[in-house]
Amino acid sequence: MTTNSIVARFRDGRTLKGTTLNVDLAKPKFHLRIDGTVEEIKLNDLKALFFVKDFAGNAAHTEAVEPTPGDPRLVGARKIAVRFEDGETIVGMSNRFPPLGTYFFMLPIDPKSNNIRILVNRSATTGIVDASLLSIR
């Protein structure tokens, strides 16, 4: 099994970084391994769960908000913007609009992002829009 590097951002503002094997949208909880200990995380407590390339990231990188022409990930995908209850907006893509379910996955619009995919908790959002016609800067 592949271990996923995860940054868990909670609705209360906390952030935890660790690894997991068992995120399942059909289950209300998963286990996050942090420095040798294991914490049980409730999906409903999260704002979003970021599957990342590495924990350090690149603070100097500014995320693109427009798709890169020719990006193969765009095939069959729709550009969406998700606004969270804390005011943050993330632009990405989804294979379905509107996304179904309480939790849904989106991909970052920026192929150079440190995020591989993002699991969004719909109850932590204030809006999800089809951003394909919007100009977001």
# chains A, B, ... in the order shown; residues from 1 in each chain; ligands from 1
$ residues_around --residues "A:Glu40" --least-positions-apart "2" --cutoff "8 Å" --atoms "only C-alpha atoms" --output "number ranges by chain"
A: 29-32, 38, 42
$ select_by_dssp --residues "stretch 28-125 of chain A" --states "helix (DSSP H, G or I)" --output "MDAnalysis selection string"
chainID A and resid 43:45 72:74 122:124
$ select_by_dssp --residues "stretch 50-100 of chain A" --states "strand (DSSP E or B)" --output "list in words"
Phe50, Phe51, Val52, Arg78, Lys79, Ile80, Ala81, Val82, Arg83, Phe84, Thr89, Ile90, Val91, Gly92, Met93 and Ser94 of chain A
$ closest_residue --among "A:Phe50, A:Phe97, A:Tyr103, A:Phe10" --to "A:Ala81" --atoms "only C-alpha atoms"
A:Phe97
$ residues_around --residues "A:Phe51" --least-positions-apart "3" --cutoff "6 Å" --atoms "only C-alpha atoms" --output "list in words"
Ser5, Ile6, Asn115, Ile116 and Arg117 of chain A
$ write_last_selection --atoms "C-alpha atoms" --output "CSV table (one decimal), in the first residue's frame"
chain,number,residue,atom,x,y,z
A,5,SER,CA,1.5,12.5,3.0
A,6,ILE,CA,-1.3,14.5,4.4
A,115,ASN,CA,-0.9,19.5,-3.5
A,116,ILE,CA,-1.7,16.3,-5.4
A,117,ARG,CA,-5.4,16.3,-4.6
$ residues_around --residues "A:Ser94" --least-positions-apart "6" --cutoff "10 Å" --atoms "only C-alpha atoms" --output "list in words"
Arg73, Leu74, Gly76, Ala77, Arg78, Lys79, Ile80, Ala81, Phe104, Phe105, Met106, Leu107, Pro108, Ile109 and Asp130 of chain A
$ closest_residue --among "A:Thr3, A:Gly36, A:Ala131, A:Gly70" --to "A:Thr20" --atoms "only C-alpha atoms"
A:Thr3
$ closest_residue --among "A:Thr2, A:Thr15, A:Asn44, A:Thr89" --to "A:Asn121" --atoms "only C-alpha atoms"
A:Asn44
$ closest_residue --among "A:Ala8, A:Thr19, A:Val129, A:Thr37" --to "A:Arg96" --atoms "only C-alpha atoms"
A:Val129
$ atom_distance --atom1 "atom CA of A:Arg11" --atom2 "atom CA of A:Ser132"
27.2 Å
$ atom_distance --atom1 "atom CA of A:Thr62" --atom2 "atom CA of A:Gly92"
14.0 Å
$ residues_around --residues "A:His61" --least-positions-apart "4" --cutoff "9 Å" --atoms "only C-alpha atoms" --output "VMD selection string"
chain A and resid 57 112 to 113
$ write_last_selection --atoms "C-alpha atoms" --output "PDB file, in the first residue's frame"
ATOM      1  CA  GLY A  57       6.218  22.839   0.182  1.00  0.00           C
ATOM      2  CA  LYS A 112       3.293  22.784 -10.056  1.00  0.00           C
ATOM      3  CA  SER A 113       1.318  22.875  -6.798  1.00  0.00           C
TER       4      SER A 113
END
